[in-house]
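K.L.:
Provided herewith: model.cif, mmCIF, C-alpha atoms.
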data_run
loop_
_atom_site.label_atom_id
_atom_site.label_comp_id
_atom_site.auth_asym_id
_atom_site.auth_seq_id
_atom_site.Cartn_x
_atom_site.Cartn_y
_atom_site.Cartn_z
CA MET A 1 24.32 -12.64 -6.44
CA ALA A 2 21.86 -13.41 -9.13
CA GLU A 3 21.03 -11.01 -11.89
CA HIS A 4 19.42 -11.35 -15.30
CA LYS A 5 21.49 -9.78 -18.06
CA GLY A 6 19.60 -6.98 -19.81
CA GLU A 7 17.49 -7.70 -22.86
CA SER A 8 16.72 -5.30 -25.70
CA GLU A 9 13.15 -6.61 -26.20
CA PRO A 10 10.22 -5.74 -23.90
CA HIS A 11 10.19 -7.98 -20.84
CA ASP A 12 8.42 -8.47 -17.57
CA VAL A 13 9.62 -5.94 -15.02
CA SER A 14 9.37 -6.37 -11.28
CA GLU A 15 10.10 -3.98 -8.44
CA GLU A 16 13.17 -6.07 -7.65
CA ASP A 17 14.49 -5.57 -11.21
CA LEU A 18 14.06 -1.80 -10.92
CA GLU A 19 15.60 -1.68 -7.46
CA THR A 20 18.59 -3.74 -8.59
CA ALA A 21 19.16 -1.46 -11.60
CA LEU A 22 18.99 1.59 -9.34
CA CYS A 23 21.42 0.04 -6.86
CA VAL A 24 23.95 -0.76 -9.60
CA LEU A 25 23.84 2.67 -11.22
CA ALA A 26 23.57 4.73 -8.02
CA GLY A 27 27.12 3.80 -6.99
CA SER A 28 28.67 5.11 -10.23
CA ASP A 29 29.07 8.67 -11.47
CA PRO A 30 26.75 9.34 -14.46
CA GLU A 31 28.39 12.66 -15.39
CA ASN A 32 32.18 12.33 -15.00
CA CYS A 33 34.48 9.70 -16.47
CA SER A 34 35.77 7.46 -13.67
CA TYR A 35 39.25 7.29 -15.26
CA SER A 36 40.52 10.13 -13.06
CA ARG A 37 39.73 8.03 -9.97
CA GLY A 38 42.17 5.33 -11.07
CA TYR A 39 41.33 1.66 -10.66
CA VAL A 40 37.99 1.98 -8.91
CA LYS A 41 37.27 -0.61 -6.23
CA ARG A 42 33.89 -1.38 -7.82
CA GLN A 43 31.80 0.37 -10.46
CA ALA A 44 29.20 -0.30 -13.14
CA VAL A 45 31.00 -1.32 -16.36
CA PHE A 46 29.73 -1.52 -19.93
CA ALA A 47 31.10 -2.77 -23.25
CA CYS A 48 30.54 -1.15 -26.65
CA ASN A 49 30.05 -3.62 -29.47
CA THR A 50 30.08 -0.73 -31.95
CA CYS A 51 33.58 0.49 -31.06
CA THR A 52 35.28 -2.72 -29.87
CA PRO A 53 33.58 -5.69 -31.54
CA SER A 54 36.73 -7.83 -31.58
CA ALA A 55 37.25 -10.37 -28.80
CA ALA A 56 41.00 -9.88 -29.28
CA GLU A 57 40.74 -6.33 -27.90
CA PRO A 58 38.20 -6.43 -25.04
CA ALA A 59 37.46 -3.07 -23.45
CA GLY A 60 35.17 -1.64 -20.81
CA ILE A 61 33.71 1.81 -20.28
CA CYS A 62 32.25 3.60 -17.26
CA LEU A 63 28.65 4.74 -16.81
CA ALA A 64 29.36 8.35 -17.79
CA CYS A 65 31.11 7.35 -21.02
CA ALA A 66 28.31 4.92 -21.86
CA ASN A 67 25.86 7.82 -21.51
CA LYS A 68 27.90 10.58 -23.14
CA CYS A 69 30.51 9.15 -25.51
CA HIS A 70 28.68 6.05 -26.73
CA ASP A 71 25.13 7.32 -26.90
CA GLY A 72 23.31 5.44 -29.68
CA HIS A 73 25.93 2.68 -29.85
CA ASP A 74 25.39 -1.05 -29.31
CA ILE A 75 26.07 -1.11 -25.56
CA PHE A 76 25.64 -4.04 -23.20
CA GLU A 77 25.86 -3.97 -19.42
CA LEU A 78 28.42 -6.04 -17.51
CA TYR A 79 26.90 -5.27 -14.08
CA THR A 80 29.87 -4.32 -11.86
CA LYS A 81 33.59 -5.07 -11.98
CA ARG A 82 36.26 -4.57 -9.32
CA ASN A 83 39.52 -2.62 -9.68
CA PHE A 84 38.62 -1.43 -13.16
CA ARG A 85 39.68 1.71 -15.02
CA CYS A 86 37.67 3.15 -17.91
CA ASP A 87 39.10 2.28 -21.36
CA CYS A 88 37.04 4.76 -23.36
CA GLY A 89 39.21 6.51 -25.97
CA ASN A 90 42.42 4.55 -25.35
CA SER A 91 44.36 2.59 -27.99
CA LYS A 92 41.68 -0.14 -28.10
CA PHE A 93 39.25 2.36 -29.63
CA GLY A 94 41.43 3.42 -32.56
CA ASP A 95 40.71 7.03 -33.55
CA PHE A 96 37.68 7.28 -31.26
CA GLN A 97 38.27 9.87 -28.52
CA CYS A 98 36.70 10.07 -25.10
CA GLN A 99 34.57 13.23 -24.93
CA LEU A 100 34.90 13.54 -21.14
CA MET A 101 38.65 12.99 -20.68
CA SER A 102 40.99 12.88 -23.65
CA ALA A 103 44.29 12.44 -21.78
CA LYS A 104 44.46 8.71 -20.99
CA ASP A 105 47.09 5.98 -21.03
CA GLU A 106 47.09 3.82 -24.14
CA GLU A 107 46.19 0.78 -22.06
CA ASN A 108 45.03 0.02 -18.53
CA VAL A 109 47.41 -2.82 -17.72
CA ARG A 110 45.76 -3.77 -14.43
CA ASN A 111 42.29 -4.24 -15.91
CA GLN A 112 41.07 -7.84 -15.94
CA TYR A 113 38.98 -9.00 -18.90
CA ASN A 114 37.03 -12.14 -19.68
CA HIS A 115 34.61 -13.30 -22.38
CA ASN A 116 31.84 -11.17 -20.80
CA PHE A 117 33.36 -8.17 -22.59
CA SER A 118 32.54 -9.90 -25.89
CA GLY A 119 29.00 -10.70 -24.82
CA PHE A 120 29.54 -14.33 -23.77
CA TYR A 121 29.01 -15.95 -20.39
CA CYS A 122 29.25 -19.15 -18.38
CA THR A 123 31.26 -22.31 -19.06
CA CYS A 124 29.03 -22.82 -22.13
CA ASP A 125 30.38 -19.57 -23.61
CA ARG A 126 26.97 -18.47 -24.84
CA PRO A 127 25.43 -14.97 -25.18
CA TYR A 128 22.66 -13.67 -22.94
CA PRO A 129 19.88 -13.58 -23.88
CA ASP A 130 20.47 -16.70 -26.00
CA ALA A 131 18.04 -17.06 -28.90
CA ASP A 132 18.88 -20.79 -29.16
CA ASP A 133 18.18 -21.50 -25.49
CA GLN A 134 14.53 -22.18 -24.72
CA VAL A 135 15.14 -22.43 -20.95
CA ASN A 136 14.81 -19.19 -19.00
CA ASP A 137 17.74 -19.98 -16.71
CA GLU A 138 18.94 -17.73 -13.89
CA MET A 139 22.35 -16.12 -14.41
CA ILE A 140 24.50 -15.96 -11.27
CA GLN A 141 27.78 -14.08 -10.91
CA CYS A 142 30.86 -15.57 -9.24
CA VAL A 143 32.30 -13.06 -6.76
CA VAL A 144 35.89 -14.09 -7.60
CA CYS A 145 36.19 -14.29 -11.41
CA GLU A 146 33.03 -12.16 -11.89
CA ASP A 147 31.88 -14.34 -14.79
CA TRP A 148 28.17 -15.16 -15.07
CA PHE A 149 26.89 -18.73 -14.94
CA HIS A 150 23.61 -20.44 -15.77
CA SER A 151 22.29 -22.03 -12.59
CA GLY A 152 22.16 -25.34 -14.46
CA HIS A 153 25.91 -25.20 -15.15
CA LEU A 154 27.11 -24.70 -11.57
CA GLY A 155 27.56 -28.39 -10.79
CA CYS A 156 25.16 -28.10 -7.87
CA SER A 157 21.64 -27.02 -7.06
CA ALA A 158 21.43 -23.23 -6.83
CA VAL A 159 19.87 -21.55 -3.83
CA GLU A 160 16.46 -20.02 -4.52
CA PRO A 161 16.83 -16.49 -6.08
CA GLU A 162 15.41 -14.68 -3.04
CA GLU A 163 17.95 -16.48 -0.86
CA LEU A 164 20.96 -16.07 -3.12
CA GLN A 165 24.10 -15.05 -1.34
CA GLU A 166 27.68 -14.78 -2.58
CA MET A 167 28.68 -17.55 -4.97
CA VAL A 168 32.16 -18.84 -5.87
CA CYS A 169 32.35 -21.10 -8.91
CA GLU A 170 34.14 -24.45 -8.76
CA ALA A 171 37.08 -23.22 -10.87
CA CYS A 172 37.72 -20.32 -8.49
CA MET A 173 37.37 -22.59 -5.45
CA ASN A 174 40.13 -24.76 -6.92
CA LYS A 175 42.17 -21.69 -7.73
CA ALA A 176 42.19 -20.86 -3.99
CA PRO A 177 41.85 -24.38 -2.45
CA ILE A 178 42.03 -23.13 1.14
CA LEU A 179 38.47 -21.87 0.59
CA TRP A 180 37.25 -25.48 0.62
CA THR A 181 38.14 -25.68 4.32
CA TYR A 182 36.02 -22.61 5.08
CA ALA A 183 33.25 -24.02 2.86
CA ALA A 184 33.06 -27.13 5.04
CA HIS A 185 32.30 -24.93 8.07
CA PHE A 186 30.49 -21.82 6.85
CA ALA A 187 29.03 -22.31 3.35
CA VAL A 188 25.57 -23.54 2.38
CA PRO A 189 25.59 -27.38 2.52
CA PRO A 190 26.07 -28.74 -1.02
CA VAL A 191 23.57 -30.70 -3.06
CA ILE A 192 25.44 -32.10 -6.04
CA SER A 193 23.72 -33.08 -9.29
CA VAL A 194 24.83 -36.56 -10.33
CA GLY A 195 24.03 -38.06 -13.73
CA HIS A 196 23.51 -41.82 -14.10
CA PRO A 197 23.50 -43.63 -17.46
CA GLU A 198 20.00 -44.13 -18.85
CA GLU A 199 18.53 -42.57 -15.71
CA GLU A 200 17.28 -39.12 -14.81
CA GLU A 201 19.66 -36.80 -13.01
CA VAL A 202 19.43 -37.14 -9.24
CA GLU A 203 20.47 -34.89 -6.41
CA VAL A 204 22.72 -36.17 -3.65
CA ASP A 205 22.70 -34.48 -0.26
CA VAL A 206 26.41 -34.43 0.48
CA GLU A 207 25.82 -33.16 4.01
CA GLU A 208 23.74 -36.22 4.86
CA GLN A 209 26.33 -38.57 3.38
CA GLY A 210 28.99 -37.00 5.55
CA ASP A 211 27.10 -37.45 8.84
CA LYS A 212 28.81 -40.72 9.71
CA GLU A 213 32.24 -39.31 8.88
CA GLU A 214 31.56 -36.18 10.95
CA SER A 215 30.39 -38.35 13.86
CA ARG A 216 33.66 -40.25 13.78
CA GLN A 217 35.61 -36.98 13.59
CA SER A 218 33.65 -35.58 16.54
CA GLU A 219 34.61 -38.56 18.66
CA GLU A 220 38.25 -38.04 17.76
CA GLU A 221 38.00 -34.33 18.59
CA ALA A 222 36.37 -35.09 21.92
CA THR A 223 39.23 -37.44 22.78
CA THR A 224 41.75 -34.81 21.79
CA SER A 225 39.95 -32.23 23.90
CA VAL A 226 40.11 -34.42 27.01
CA GLU A 227 43.80 -35.09 26.51
CA ASP A 228 44.66 -31.47 25.81
CA PRO A 229 42.42 -28.92 27.63
CA LYS A 230 44.39 -26.00 26.15
CA GLN A 231 43.66 -27.18 22.62
CA GLU A 232 39.96 -27.49 23.50
CA GLU A 233 39.95 -23.91 24.77
CA ALA A 234 41.65 -22.68 21.60
CA LEU A 235 39.10 -24.49 19.43
CA ASN A 236 36.22 -23.02 21.42
CA GLN A 237 37.65 -19.53 20.95
CA GLY A 238 37.82 -20.19 17.22
CA SER A 239 34.22 -21.33 16.92
CA PRO A 240 32.10 -19.81 14.09
CA GLY A 241 30.90 -16.28 14.72
CA LYS A 242 31.07 -12.89 13.10
CA ARG A 243 34.16 -10.98 14.13
CA THR A 244 34.19 -7.35 15.14
CA HIS A 245 35.35 -4.52 12.90
CA GLU A 246 38.52 -4.16 15.01
CA GLN A 247 39.36 -7.80 14.44
CA MET A 248 38.79 -7.44 10.72
CA ALA A 249 40.91 -4.31 10.57
CA GLY A 250 43.71 -5.97 12.53
CA SER A 251 43.91 -3.35 15.28
CA PRO A 252 47.31 -3.00 17.05
CA GLY A 253 45.84 -4.29 20.31
CA LYS A 254 45.08 -7.69 18.75
CA ALA A 255 47.90 -7.94 16.24
CA THR A 256 49.99 -10.25 18.41
CA THR A 257 47.13 -12.69 18.91
CA LYS A 258 46.35 -12.78 15.21
CA SER A 259 50.00 -13.39 14.30
CA GLU A 260 50.27 -16.26 16.78
CA THR A 261 47.00 -18.00 15.92
CA CYS A 262 45.95 -19.16 12.47
CA ARG A 263 42.23 -19.69 12.26
CA LEU A 264 42.56 -21.75 9.09
CA LYS A 265 44.82 -24.23 10.91
CA LYS A 266 42.25 -24.55 13.70
CA LEU A 267 39.58 -25.42 11.18
CA GLN A 268 41.86 -27.86 9.37
CA ASP A 269 42.68 -29.56 12.68
CA GLN A 270 38.98 -30.26 13.20
CA GLY A 271 39.17 -32.50 10.13
CA ARG A 272 35.82 -31.53 8.68
CA GLU A 273 35.72 -32.06 4.92
CA ARG A 274 33.39 -31.16 2.08
CA LEU A 275 33.10 -32.72 -1.35
CA ARG A 276 35.20 -30.52 -3.63
CA GLN A 277 32.71 -30.34 -6.42
CA GLY A 278 30.37 -27.69 -7.76
CA ALA A 279 29.95 -24.00 -7.00
CA VAL A 280 29.73 -22.85 -3.38
CA PHE A 281 27.11 -20.49 -1.95
CA TRP A 282 28.09 -18.44 1.10
CA PRO A 283 26.23 -16.29 3.64
CA TYR A 284 27.06 -12.59 3.39
CA SER A 285 29.09 -12.72 6.62
CA TRP A 286 31.44 -15.47 5.44
CA ARG A 287 34.35 -13.15 4.61
CA SER A 288 34.61 -12.13 8.25
CA GLU A 289 35.45 -15.76 9.04
CA LEU A 290 38.62 -15.74 6.90
CA CYS A 291 41.90 -15.84 8.78
CA THR A 292 44.06 -12.75 8.28
CA CYS A 293 47.33 -13.98 9.75
CA THR A 294 50.47 -13.24 7.72
CA SER A 295 50.66 -16.75 6.26
CA CYS A 296 47.04 -16.70 5.10
CA LYS A 297 47.37 -13.22 3.64
CA ARG A 298 50.27 -14.49 1.54
CA ALA A 299 48.12 -17.40 0.39
CA TYR A 300 45.33 -15.04 -0.69
CA VAL A 301 47.78 -12.88 -2.63
CA ALA A 302 49.33 -15.94 -4.31
CA ALA A 303 45.86 -17.09 -5.40
CA GLU A 304 44.97 -13.49 -6.42
CA VAL A 305 41.93 -13.40 -4.12
CA GLN A 306 43.21 -10.90 -1.55
CA PHE A 307 40.09 -8.78 -2.14
CA LEU A 308 38.10 -11.38 -0.20
CA MET A 309 39.55 -9.89 2.99
CA ASP A 310 37.82 -6.59 2.19
CA GLN A 311 34.27 -6.45 3.54
CA PHE A 312 33.57 -3.44 1.30
CA ASP A 313 34.44 -5.37 -1.86
CA THR A 314 31.06 -7.09 -1.89
CA ILE A 315 28.25 -6.24 -4.32
CA LEU A 316 25.99 -5.62 -1.34
CA ALA A 317 28.37 -3.03 0.14
CA TYR A 318 28.63 -1.29 -3.24
CA GLU A 319 24.85 -1.15 -3.68
CA ASN A 320 24.23 0.07 -0.14
CA LYS A 321 26.87 2.79 -0.48
CA GLY A 322 25.37 3.90 -3.79
CA LEU A 323 21.92 4.30 -2.26
CA ASP A 324 23.20 5.96 0.91
CA GLU A 325 25.74 8.25 -0.80
CA PRO A 326 24.80 8.70 -4.49
CA PHE A 327 27.26 10.55 -6.72
CA GLY A 328 26.75 14.29 -6.93
CA GLN A 329 23.89 16.35 -5.51
CA HIS A 330 20.51 14.67 -5.28
CA PRO A 331 18.62 15.58 -8.52
CA LEU A 332 15.58 16.85 -6.59
CA MET A 333 17.73 19.12 -4.42
CA ALA A 334 19.55 20.46 -7.48
CA LEU A 335 16.26 21.14 -9.25
CA THR A 336 14.51 22.93 -6.37
CA SER A 337 17.42 24.87 -4.87
CA SER A 338 16.67 28.04 -6.88
CA MET A 339 12.86 27.92 -6.47
CA ASP A 340 10.66 29.65 -3.94
CA ARG A 341 8.71 27.67 -1.36
CA VAL A 342 5.48 27.47 -3.40
CA GLN A 343 7.31 26.20 -6.47
CA GLN A 344 9.21 23.66 -4.37
CA LEU A 345 5.97 22.31 -2.91
CA GLU A 346 4.39 22.08 -6.37
CA ILE A 347 7.39 20.13 -7.68
CA ILE A 348 7.46 17.79 -4.67
CA TYR A 349 3.71 17.22 -4.92
CA GLY A 350 3.98 16.43 -8.61
CA LEU A 351 6.90 14.03 -8.10
CA ASN A 352 5.13 12.26 -5.27
CA GLU A 353 2.02 11.83 -7.40
CA MET A 354 4.07 10.56 -10.33
CA THR A 355 5.99 8.13 -8.10
CA THR A 356 2.75 6.80 -6.62
CA SER A 357 1.19 6.36 -10.05
CA ILE A 358 4.23 4.63 -11.54
CA THR A 359 4.54 2.31 -8.55
CA ALA A 360 0.86 1.38 -8.78
CA PHE A 361 1.23 0.86 -12.54
CA LEU A 362 4.21 -1.49 -12.11
CA HIS A 363 2.47 -3.36 -9.29
CA GLN A 364 -0.51 -3.91 -11.58
CA CYS A 365 1.72 -5.14 -14.42
CA VAL A 366 3.38 -7.65 -12.12
CA ALA A 367 0.06 -8.76 -10.59
CA ASP A 368 -1.56 -9.25 -14.02
CA GLY A 369 1.54 -10.85 -15.51
CA LYS A 370 1.53 -8.27 -18.29
CA THR A 371 4.49 -7.35 -20.47
CA LEU A 372 5.83 -3.84 -20.00
CA THR A 373 5.82 -2.10 -23.38
CA VAL A 374 6.78 1.35 -24.62
CA GLU A 375 3.17 1.99 -25.62
CA ALA A 376 1.93 1.23 -22.09
CA VAL A 377 4.46 3.63 -20.57
CA HIS A 378 3.49 6.37 -23.04
CA GLN A 379 -0.17 5.84 -22.16
CA LEU A 380 0.63 6.15 -18.44
CA PHE A 381 2.38 9.50 -18.93
CA ASP A 382 -0.41 10.76 -21.17
CA GLU A 383 -2.82 10.06 -18.31
CA LEU A 384 -0.53 11.86 -15.85
CA ARG A 385 -0.35 14.91 -18.12
CA ALA A 386 -4.14 14.93 -18.53
CA ARG A 387 -4.57 14.68 -14.76
CA LYS A 388 -2.19 17.60 -14.23
CA LYS A 389 -4.04 19.69 -16.81
CA ARG A 390 -7.39 19.06 -15.08
CA ARG A 391 -5.89 20.08 -11.73
CA THR A 392 -4.31 23.23 -13.24
CA ASP A 393 -7.54 24.24 -15.03
CA ALA A 394 -9.48 23.77 -11.79
CA GLY A 395 -7.03 26.05 -10.01
CA TYR A 396 -7.83 28.92 -12.39
CA GLN A 397 -11.61 28.64 -12.05
#
Take the structure from the file and write it as C-alpha cells.
P.N.:
Amino acid sequence: MAEHKGESEPHDVSEEDLETALCVLAGSDPENCSYSRGYVKRQAVFACNTCTPSAAEPAGICLACANKCHDGHDIFELYTKRNFRCDCGNSKFGDFQCQLMSAKDEENVRNQYNHNFSGFYCTCDRPYPDADDQVNDEMIQCVVCEDWFHSGHLGCSAVEPEELQEMVCEACMNKAPILWTYAAHFAVPPVISVGHPEEEEVEVDVEEQGDKEESRQSEEEATTSVEDPKQEEALNQGSPGKRTHEQMAGSPGKATTKSETCRLKKLQDQGRERLRQGAVFWPYSWRSELCTCTSCKRAYVAAEVQFLMDQFDTILAYENKGLDEPFGQHPLMALTSSMDRVQQLEIIYGLNEMTTSITAFLHQCVADGKTLTVEAVHQLFDELRARKKRRTDAGYQ
C-alpha cells in the first residue's frame, strides 16, 4: 500500500487522497476511546509530539483521543497499526489524563512500536515530509513491520502507485524466509536496481535471467512426473489458485487433507527460486496461497508473522469494512431522525448540492493543477451560502 504521510502545509489534493483519508478514518471510532476494545485488530493510530516527544517513550493514541484529548496538540498520523491498544493517559503521558477513559493500565505490553512513533521512517530514518529532501518520493508501507519506506530505498523498482499491492520489505522477508518460496511463485517478478562503479544505476530483470534455470528445472520436473504419476497429480492439485473460504478457515471436512499435505513443501519441491534481494510486491490474493498445515503455522508464529494467515488483517479489508460498516449511526441519519419529511428533504437537497459543488471544485483544482488553500475553501463556502440565500429569498417572493 502506498500512502503519502500528511503535511501541515497546503498541498495538492486529489480525489484518491480524500477517499484514502475517509477509508482510514471510517474504520475507527471518532467518539469513544478504543482502549475498552482491547488490542484492536487494526485501527487508525496517531502520535502526540506535544505529550510524548521522547523517542525513549513512544506512545500511540486512537482517533477519538486525538480528537478529544489532544485537540490543539502537535499530532501526526501513523496511518493504521495492527493489534494496538490506545496509550492515551497511561504512564507514558506523566500527569496527563485521558478525558474519555481514565482507568487504564500503566503500559500496554503487547503494543509494538518503531521509529514512526517519533516521526521517522524508512531505512534512512528521516522525517516525512523531509525539508532536506528535494525528491518527492512515494512512501510505501510494509505489511509486516508496518514501517514506511521511500520507493527509492526498497532495493527494487516499485510498482506504479495505481498498481500497488501489498509490500513486504527485504528485512521482513528475511525474518520469515519461507516467504521467499511463495515469492518465487506468486509475487510480482523482481526488477533489482544494481549500481556499477562510475556508471549510472541499471535495472536487471531477474525473471528474465532465471529463464534458463527455470527451463532446466521444468525438464527435471517433467522427468519426475513421468516416473511418479502420483507426485504429478499432487503437484497439479497444488497449482496456484485462490482457495475457498472453507479452505482458509480450515473446515473440519478438510482438516485431514491439510494436515497430511504441506503446500510449502510442494512449492519447494518444484525448485523454483527467486533472488533474495529487495522488497517484494504481492497481489492482494497472495495470503490465500499460504499453507496452513500445523508445521507452517508454527513457522509463522516463530517468525511472528502469524497475522498473514488472516485475510481480514489487510489494509484493504479494514478500509472496506470501515466504508461498509462505519462506527456509530450514520451522521445524516442521526441529524434527520427527529425532523419532519419537509425538513429532511431540505437537508438532503442541501447536502447533495454541497457535495456536488465540492466535488466539482476539487475536480477543477486537480485539472488545473492548483494548490488547495484555506482561502479557496472559504471562498467556495461563501459562494454556497450566497446561493442558498438567493434560493431562500426567492422562496419568500
K.L.:
Which is closer to Phe117 of chain A than all the others in A:Thr314, A:Asp132, A:Glu77, A:Phe93, using all atoms listed in the file?
P.N.:
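Using all atoms listed in the file, the shortest distance to Phe117 of chain A belongs to A:Glu77.
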K.L.:
With all atoms listed in the file as the counted atoms, please give the residues lying no more than 9 Å from Gln311 of chain A, apart from itself and same-chain residues fewer than 5 positions off, as a list in words.
P.N.:
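So the residues in contact are Met248, Ser285, Arg287, Ser288 and Ala317 of chain A.
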K.L.:
Taking only C-alpha atoms into account, which of A:Glu146, A:Glu273, A:Asp29, A:Glu304 comes nearest Asn114 of chain A?
P.N.:
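Looking at the shortest contact to Asn114 of chain A, the residue is A:Glu146.
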K.L.:
Measure the distance from atom CA of Asp147 of chain A to atom CA of Thr52 of chain A in Å and round it to one decimal.
P.N.:
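Calculated distance between atom CA of Asp147 of chain A and atom CA of Thr52 of chain A is 19.3 Å.
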K.L.:
Quick one: pull the distance between atom CA of Lys266 of chain A and atom CA of Val143 of chain A, Å, one decimal.
P.N.:
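If I compute the distance from atom CA of Lys266 of chain A to atom CA of Val143 of chain A, I get 25.5 Å.
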K.L.:
What does the PyMOL selection byres ((chain A and resi 173) around 10) select in this file, as a PyMOL selection string?
P.N.:
chain A and resi 144+168-172+174-180+183+276-280
K.L.:
Would you kindly translate the PyMOL selection byres ((chain A and resi 44) around 9) into the concrete residues it picks from this file, as a VMD selection string?
P.N.:
chain A and resid 24 to 25 27 to 28 42 to 43 45 to 46 61 to 63 77 to 81
K.L.:
For Ile315 of chain A, which residue out of A:Asp137, A:Asn116, A:Gln99, A:Glu166 is the nearest one, using all atoms listed in the file?
P.N.:
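The answer is A:Glu166, which sits nearest to Ile315 of chain A.
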